[in-house]
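This report refers to the structure that appears directly beneath it.
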Amino acid sequence: MILYDCHMHSDFSSDCEASMEEQAASAAKKGLKGICFTDHMDLEYPNVKEFNMTFLFDMDEDYARIDKVRKECGIKINKGIEIGLRNEPGVSERVTNGYKELLKRDDIDFVIGATHCLDMIDPYLPGYWQGMTVKEALGKYFTAILENVRNNSYIDTLAHIDYLVRYARIPGGDPDKYEGRGLYKDGENGDIIDEILRFIIDHGIALEINTAGLKYGLGYAHPKDWILRRYRDMGGELITIGSDAHKPEHVAYAFEETCEKLKAFGFREYAVFEKRKPVFFKL
Ligand SMILES: [Zn+2]
Ligand SMILES: [Zn+2]
């Protein structure tokens, strides 16, 4: 069973309206033993104007709130953060230095390293997909992830490797429809994926299983099965699990079926990070 949800947001994240109290109450009601709040910190987010969102929060306030909620809700609550890594020249170094500064505090349990933006754009916007096939657009994204993990090997887990497919548009297609989703083929860009997986295995970085893909109707969690199999075949064992819930009803989303799949793929345990060290629990 999966009893800890280690990726979720609260209203400290620009794109989430749920309070920590609501998220924690939902987790307790669903029988979880613990959760970790991982609010969004995306230094130099390039599309502040388009979304009127900064994706920044005050860690002192966030963690003080966690201390308060901990006392009230009766389950374990860890202190995490989801940082948005960047590979654009210039931006990359500034952002990495900024995170290293923020992460100097000693009360952090868990750091999720995500790649949300590249080429100075959030690929949630149709502009990213212009002039590229879905294979090229995903390949470019995977290359950015590879560069980001190489430059930020201090992260604890690598977030939602292939989540970008949620927003896949096709050249000349309707920008409001994600017609490119079906064009994400198993094994495509496999050489880059292998390099990412090899790097995280060699550097003790976990691979995140993010169940939000199921919530978005993709039919799979992130990463998709072929990447998960590859990771296991390469000797990868260290995994973290999170729903990426932005709403109380999505806490622990599809954890039962995800647990069965992980076991079928040969995984035996999952990690919950405490003070930046993995503690293992049986699946
Ligand atoms: Zn994310
Ligand atoms: Zn998230």
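Residue numbers start at 1 in each chain; chains themselves are named A, B, ... in the order of the structure tokens; ligands are numbered from 1 in the order shown.
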Selection as a PDB file with N, CA and C atoms, in the first residue's frame: residues within 10 Å of ligand 2 by only C-alpha atoms and all ligand atoms:
```pdb
ATOM      1  N   CYS A   6       3.738  12.229  -1.492  1.00  0.00           N
ATOM      2  CA  CYS A   6       4.878  13.145  -1.369  1.00  0.00           C
ATOM      3  C   CYS A   6       4.976  14.176  -2.489  1.00  0.00           C
ATOM      4  N   HIS A   7       3.865  14.579  -3.035  1.00  0.00           N
ATOM      5  CA  HIS A   7       3.878  15.698  -3.970  1.00  0.00           C
ATOM      6  C   HIS A   7       2.484  16.308  -3.952  1.00  0.00           C
ATOM      7  N   MET A   8       2.356  17.431  -3.285  1.00  0.00           N
ATOM      8  CA  MET A   8       1.075  18.127  -3.339  1.00  0.00           C
ATOM      9  C   MET A   8       1.258  19.608  -3.048  1.00  0.00           C
ATOM     10  N   HIS A   9       0.267  20.362  -3.473  1.00  0.00           N
ATOM     11  CA  HIS A   9       0.357  21.821  -3.388  1.00  0.00           C
ATOM     12  C   HIS A   9      -0.676  22.383  -2.414  1.00  0.00           C
ATOM     13  N   SER A  10      -0.463  23.635  -2.072  1.00  0.00           N
ATOM     14  CA  SER A  10      -1.416  24.357  -1.227  1.00  0.00           C
ATOM     15  C   SER A  10      -1.546  25.763  -1.811  1.00  0.00           C
ATOM     16  N   SER A  13       1.094  27.914  -3.503  1.00  0.00           N
ATOM     17  CA  SER A  13       1.443  27.805  -4.921  1.00  0.00           C
ATOM     18  C   SER A  13       0.507  28.694  -5.729  1.00  0.00           C
ATOM     19  N   ASP A  15      -0.833  28.386  -8.533  1.00  0.00           N
ATOM     20  CA  ASP A  15      -1.916  27.744  -9.292  1.00  0.00           C
ATOM     21  C   ASP A  15      -2.799  26.846  -8.430  1.00  0.00           C
ATOM     22  N   CYS A  16      -2.811  27.084  -7.113  1.00  0.00           N
ATOM     23  CA  CYS A  16      -3.595  26.213  -6.225  1.00  0.00           C
ATOM     24  C   CYS A  16      -4.383  27.057  -5.232  1.00  0.00           C
ATOM     25  N   PHE A  37       4.133  18.639   1.676  1.00  0.00           N
ATOM     26  CA  PHE A  37       3.769  19.808   0.856  1.00  0.00           C
ATOM     27  C   PHE A  37       4.980  20.228   0.035  1.00  0.00           C
ATOM     28  N   THR A  38       4.739  20.367  -1.269  1.00  0.00           N
ATOM     29  CA  THR A  38       5.831  20.704  -2.194  1.00  0.00           C
ATOM     30  C   THR A  38       5.359  21.855  -3.075  1.00  0.00           C
ATOM     31  N   ASP A  39       5.279  23.032  -2.473  1.00  0.00           N
ATOM     32  CA  ASP A  39       4.754  24.165  -3.234  1.00  0.00           C
ATOM     33  C   ASP A  39       5.733  24.619  -4.321  1.00  0.00           C
ATOM     34  N   HIS A  40       5.152  25.276  -5.324  1.00  0.00           N
ATOM     35  CA  HIS A  40       5.921  25.678  -6.518  1.00  0.00           C
ATOM     36  C   HIS A  40       6.849  26.853  -6.264  1.00  0.00           C
ATOM     37  N   MET A  41       8.117  26.650  -6.578  1.00  0.00           N
ATOM     38  CA  MET A  41       9.065  27.755  -6.607  1.00  0.00           C
ATOM     39  C   MET A  41       9.734  27.713  -7.979  1.00  0.00           C
ATOM     40  N   ILE A  81       9.542  21.120  -1.276  1.00  0.00           N
ATOM     41  CA  ILE A  81       9.482  22.214  -2.244  1.00  0.00           C
ATOM     42  C   ILE A  81       9.633  21.602  -3.635  1.00  0.00           C
ATOM     43  N   GLU A  82       8.912  22.155  -4.614  1.00  0.00           N
ATOM     44  CA  GLU A  82       9.088  21.740  -6.012  1.00  0.00           C
ATOM     45  C   GLU A  82       9.761  22.890  -6.733  1.00  0.00           C
ATOM     46  N   ILE A  83      11.012  22.687  -7.112  1.00  0.00           N
ATOM     47  CA  ILE A  83      11.737  23.779  -7.768  1.00  0.00           C
ATOM     48  C   ILE A  83      11.757  23.586  -9.284  1.00  0.00           C
ATOM     49  N   GLY A  84      11.572  24.672  -9.989  1.00  0.00           N
ATOM     50  CA  GLY A  84      11.552  24.647 -11.452  1.00  0.00           C
ATOM     51  C   GLY A  84      12.947  24.926 -11.991  1.00  0.00           C
ATOM     52  N   ILE A 112      11.913  18.393  -4.777  1.00  0.00           N
ATOM     53  CA  ILE A 112      11.517  17.839  -6.070  1.00  0.00           C
ATOM     54  C   ILE A 112      12.078  18.742  -7.159  1.00  0.00           C
ATOM     55  N   GLY A 113      12.822  18.167  -8.081  1.00  0.00           N
ATOM     56  CA  GLY A 113      13.365  18.945  -9.201  1.00  0.00           C
ATOM     57  C   GLY A 113      12.497  18.739 -10.438  1.00  0.00           C
ATOM     58  N   ALA A 114      11.892  19.829 -10.904  1.00  0.00           N
ATOM     59  CA  ALA A 114      10.991  19.731 -12.061  1.00  0.00           C
ATOM     60  C   ALA A 114      11.527  20.592 -13.194  1.00  0.00           C
ATOM     61  N   HIS A 116       9.765  22.769 -15.836  1.00  0.00           N
ATOM     62  CA  HIS A 116       8.473  23.310 -16.265  1.00  0.00           C
ATOM     63  C   HIS A 116       8.602  24.213 -17.479  1.00  0.00           C
ATOM     64  N   ALA A 159      11.045  15.043 -10.952  1.00  0.00           N
ATOM     65  CA  ALA A 159       9.584  15.100 -11.102  1.00  0.00           C
ATOM     66  C   ALA A 159       9.095  14.683 -12.490  1.00  0.00           C
ATOM     67  N   HIS A 160       7.926  14.094 -12.503  1.00  0.00           N
ATOM     68  CA  HIS A 160       7.091  13.895 -13.704  1.00  0.00           C
ATOM     69  C   HIS A 160       7.803  14.017 -15.059  1.00  0.00           C
ATOM     70  N   ASN A 210       4.356  10.091 -10.648  1.00  0.00           N
ATOM     71  CA  ASN A 210       3.414  11.199 -10.466  1.00  0.00           C
ATOM     72  C   ASN A 210       2.080  10.795 -11.083  1.00  0.00           C
ATOM     73  N   ALA A 212      -0.643  12.259 -11.544  1.00  0.00           N
ATOM     74  CA  ALA A 212      -1.495  13.274 -12.169  1.00  0.00           C
ATOM     75  C   ALA A 212      -1.814  12.968 -13.633  1.00  0.00           C
ATOM     76  N   GLY A 242       3.800  10.613  -5.728  1.00  0.00           N
ATOM     77  CA  GLY A 242       2.982  11.760  -5.378  1.00  0.00           C
ATOM     78  C   GLY A 242       1.834  11.958  -6.349  1.00  0.00           C
ATOM     79  N   SER A 243       0.761  12.546  -5.842  1.00  0.00           N
ATOM     80  CA  SER A 243      -0.420  12.799  -6.677  1.00  0.00           C
ATOM     81  C   SER A 243      -0.336  14.134  -7.397  1.00  0.00           C
ATOM     82  N   ASP A 244       0.534  15.025  -6.921  1.00  0.00           N
ATOM     83  CA  ASP A 244       0.621  16.389  -7.460  1.00  0.00           C
ATOM     84  C   ASP A 244      -0.738  17.092  -7.318  1.00  0.00           C
ATOM     85  N   ALA A 245      -1.445  16.764  -6.231  1.00  0.00           N
ATOM     86  CA  ALA A 245      -2.799  17.288  -6.044  1.00  0.00           C
ATOM     87  C   ALA A 245      -2.793  18.804  -5.843  1.00  0.00           C
ATOM     88  N   HIS A 246      -3.657  19.470  -6.601  1.00  0.00           N
ATOM     89  CA  HIS A 246      -3.910  20.896  -6.405  1.00  0.00           C
ATOM     90  C   HIS A 246      -5.291  21.096  -5.782  1.00  0.00           C
TER      91      HIS A 246
END
```
- Run DSSP on the backbone of this structure and report the residues of segment 124-205 of chain A it assigns to alpha helix (DSSP H), as a PyMOL selection string. chain A and resi 134-151+190-202
Please identify all polymer residues within 8 Å of segment 227-234 of chain A, counting only C-alpha atoms, omitting same-chain residues fewer than 5 positions from it, and present them as an mmCIF file with N, CA and C atoms, in the first residue's frame.
```cif
data_model
loop_
_atom_site.group_PDB
_atom_site.id
_atom_site.type_symbol
_atom_site.label_atom_id
_atom_site.label_comp_id
_atom_site.auth_asym_id
_atom_site.auth_seq_id
_atom_site.Cartn_x
_atom_site.Cartn_y
_atom_site.Cartn_z
ATOM 1 N N GLY A 187 9.387 4.456 -26.513
ATOM 2 C CA GLY A 187 10.747 4.246 -27.006
ATOM 3 C C GLY A 187 11.329 5.425 -27.759
ATOM 4 N N ILE A 193 16.363 9.577 -22.824
ATOM 5 C CA ILE A 193 15.755 9.053 -21.594
ATOM 6 C C ILE A 193 16.750 8.152 -20.856
ATOM 7 N N ASP A 194 17.439 7.297 -21.610
ATOM 8 C CA ASP A 194 18.434 6.412 -20.978
ATOM 9 C C ASP A 194 19.509 7.213 -20.255
ATOM 10 N N LEU A 197 18.070 8.557 -17.020
ATOM 11 C CA LEU A 197 17.900 7.502 -16.019
ATOM 12 C C LEU A 197 19.252 7.054 -15.470
ATOM 13 N N ARG A 198 20.244 6.921 -16.359
ATOM 14 C CA ARG A 198 21.582 6.510 -15.918
ATOM 15 C C ARG A 198 22.134 7.528 -14.931
ATOM 16 N N PHE A 265 5.947 -4.453 -11.827
ATOM 17 C CA PHE A 265 7.175 -4.076 -12.533
ATOM 18 C C PHE A 265 8.430 -4.416 -11.724
ATOM 19 N N GLY A 266 8.232 -4.966 -10.538
ATOM 20 C CA GLY A 266 9.391 -5.424 -9.765
ATOM 21 C C GLY A 266 9.854 -4.481 -8.671
ATOM 22 N N PHE A 267 9.096 -3.418 -8.416
ATOM 23 C CA PHE A 267 9.471 -2.527 -7.315
ATOM 24 C C PHE A 267 8.909 -3.112 -6.017
#
```
- Please identify which residues in segment 36-170 of chain A DSSP calls strand (DSSP E or B) from the backbone, and express them as a count of residues only. 24
- Which residues come within 12 Å of Glu188 of chain A, counting only C-alpha atoms, excluding same-chain residues fewer than 6 positions away, as a ChimeraX atom specification? /A:134-139,142,162,194,224,226-227
- Note on the structure: A straight line from atom CA of Ala271 of chain A to atom CA of Ile241 of chain A spans 7.8 Å
- Task: Write out as a ChimeraX atom specification each polymer residue whose atoms come within 8 Å of Lys247 of chain A, counting only C-alpha atoms; drop sequence neighbours fewer than 2 positions from it.
- Result: /A:16-18,23,245,249-251
